[in-house]
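First up is the structure itself, then whatever we jot down about it.
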Amino acid sequence: MLFPLLAGGTAVVAVAAGYNTMAPRSQLYGRTFIGEATGSRRLALTFDDGPNAPHTLTLLEVLALHGVRATFFMLGRHVRQCPEIARAVARAGHVIGNHSYTHPNMIFCSQRQIRRQIENCANALEDAVGETSRLFRPPHGGRRPGVLRAVRKMGYEPVMWSVSSWDWRATSPAQIERTVGMQVRGGDVILLHDGGHQQLGVDRSLSVRATDLIIRRFLAEGYTFVTVPEMMEPAAGRQ
């Protein structure tokens, strides 16, 4: 009787350990930024897997229409292919973060591979736009203690999210807006996508149109939109 109980307990621990490598809010394996205190009237829009034509450029138009600045976590290989789009994002005043070079799940990467992914993306960003933020978002949200140690040793701050739009599987902009709306509690970092990690040219038109709906809704409800670095600032340092 004891062996089945021990086996069952081991399985539960293994499942829990695996879950926490990917769960965006989990802090089990180390601190990551997921937003500020619940109830805050500030939100941070973040976009992963770009730059991606034409949707990143269309997204810039939407953000400019509302006077909102966002945080873009870019893939190095896409930056190499679309440097002019990366430059457009930077010129518009948005924050650019590192999202690795090829988007591997880093829980399966060696320390050398992790460093190589971050360095190669950083080099691509440097060549395209010059200096960028020291923010890093793990591909797929995958991390373990060794991943976070490597990230911080390289001088980056790991950023996750508290609200997922699930936009990669949505069928309409309204569905994305509703999904986000059901999760927002204030002080949230919202995950959306302007590209796809497997290839360039992924259709993100639904995400772009949903971004307009999300901004309109939450501005009307009294929220303001900030970049991730602005949200990270201590309360005493805010203007």
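A note on labels: chains of the structure tokens are A, B, ... as shown, every chain counts residues from 1, and ligands are counted from 1 in their shown order.
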
Just list as a compact mmCIF listing (two decimals) with C-alpha atoms, in the first residue's frame whatever in segment 12-146 of chain A DSSP marks as helix (DSSP H, G or I).
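Just written: selection-v1.txt:
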# COMPACT_ATOMS: atom_id res chain seq x y z
CA VAL A 12 1.77 14.99 -8.08
CA VAL A 13 5.07 16.72 -7.26
CA ALA A 14 6.31 16.18 -10.82
CA VAL A 15 3.13 17.63 -12.32
CA ALA A 16 3.28 20.63 -9.99
CA ALA A 17 6.95 21.21 -10.81
CA GLY A 18 6.25 21.07 -14.54
CA TYR A 19 3.26 23.38 -14.22
CA ASN A 20 5.31 26.03 -12.45
CA THR A 21 7.94 26.12 -15.21
CA MET A 22 5.27 27.52 -17.56
CA HIS A 55 0.75 43.74 -38.66
CA THR A 56 3.38 45.37 -36.46
CA LEU A 57 3.13 48.53 -38.56
CA THR A 58 -0.68 48.50 -38.43
CA LEU A 59 -0.46 48.02 -34.68
CA LEU A 60 1.74 51.10 -34.42
CA GLU A 61 -1.02 53.10 -36.09
CA VAL A 62 -3.57 51.88 -33.53
CA LEU A 63 -1.30 52.72 -30.61
CA ALA A 64 -0.53 56.15 -32.04
CA LEU A 65 -4.25 56.86 -32.50
CA HIS A 66 -4.75 56.46 -28.76
CA GLY A 76 16.22 38.22 -33.01
CA ARG A 77 15.79 36.30 -36.25
CA HIS A 78 12.75 38.39 -37.16
CA VAL A 79 14.64 41.57 -36.35
CA ARG A 80 17.37 40.43 -38.74
CA GLN A 81 14.77 39.98 -41.47
CA PRO A 83 15.11 45.68 -39.19
CA GLU A 84 13.16 48.60 -40.64
CA ILE A 85 10.04 47.55 -38.71
CA ALA A 86 12.03 47.26 -35.49
CA ARG A 87 13.31 50.78 -36.11
CA ALA A 88 9.75 52.02 -36.66
CA VAL A 89 8.74 50.60 -33.27
CA ALA A 90 11.68 52.34 -31.59
CA ARG A 91 11.03 55.66 -33.38
CA MET A 106 14.47 27.35 -22.34
CA ILE A 107 13.60 24.76 -19.71
CA PHE A 108 15.29 22.33 -22.13
CA GLN A 111 23.32 27.53 -19.85
CA ARG A 112 25.41 28.04 -22.98
CA GLN A 113 22.35 27.80 -25.23
CA ILE A 114 20.44 30.27 -23.06
CA ARG A 115 23.27 32.78 -23.22
CA ARG A 116 23.63 32.31 -26.97
CA GLN A 117 19.91 32.91 -27.56
CA ILE A 118 19.92 36.12 -25.54
CA GLU A 119 23.20 37.38 -26.98
CA ASN A 120 22.19 36.74 -30.58
CA CYS A 121 18.90 38.56 -30.09
CA ALA A 122 20.68 41.44 -28.35
CA ASN A 123 23.14 41.72 -31.25
CA ALA A 124 20.30 41.79 -33.78
CA LEU A 125 18.53 44.52 -31.81
CA GLU A 126 21.73 46.51 -31.41
CA ASP A 127 22.39 46.40 -35.14
CA ALA A 128 18.82 47.41 -35.99
CA VAL A 129 17.88 50.02 -33.39
CA PRO A 139 9.77 32.02 -24.95
CA HIS A 140 6.59 30.10 -24.09
CA GLY A 141 7.04 31.50 -20.58
CA PRO A 145 15.94 28.43 -11.66
CA GLY A 146 18.92 28.07 -14.01

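Closest approach to Arg134 of chain A from the set A:Val95, A:Val226, A:Leu219, A:Ile176 is made by A:Val95, with distances taken over only C-alpha atoms.
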
Inset, instruction - Give the answer as one residue: which of A:Val180, A:Pro229, A:Met160, A:Tyr223 has the shortest atom-to-atom distance to Gly39 of chain A, using only C-alpha atoms? - result: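 Residue with the minimum atom-to-atom distance to Gly39 of chain A: A:Tyr223.
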
Legend entry - Neighbour list for Thr71 of chain A as a list of chain:residue names, cut-off 7 Å, only C-alpha atoms, skip fewer than 2 positions in-chain: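 Listing them by chain and then by number gives A:Leu45, A:Thr46, A:Phe47, A:Phe73, A:His94, A:Val95, A:Ile96, A:Thr227, A:Val228.
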
Output C-alpha atoms for every residue in that selection, as a PDB file, in the first residue's frame.
ATOM      1  CA  LEU A  45       0.271  46.120 -23.144  1.00  0.00           C
ATOM      2  CA  THR A  46       2.989  43.750 -24.362  1.00  0.00           C
ATOM      3  CA  PHE A  47       3.419  42.176 -27.790  1.00  0.00           C
ATOM      4  CA  PHE A  73       9.396  41.540 -26.999  1.00  0.00           C
ATOM      5  CA  HIS A  94       7.788  52.046 -27.610  1.00  0.00           C
ATOM      6  CA  VAL A  95       9.976  49.858 -25.409  1.00  0.00           C
ATOM      7  CA  ILE A  96      11.732  46.902 -27.019  1.00  0.00           C
ATOM      8  CA  THR A 227       5.157  50.562 -20.610  1.00  0.00           C
ATOM      9  CA  VAL A 228       6.639  47.772 -18.516  1.00  0.00           C
TER      10      VAL A 228
END

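Atom CA of Gly97 of chain A to atom CA of Glu221 of chain A spans 28.4 Å [interatomic distance, one decimal].
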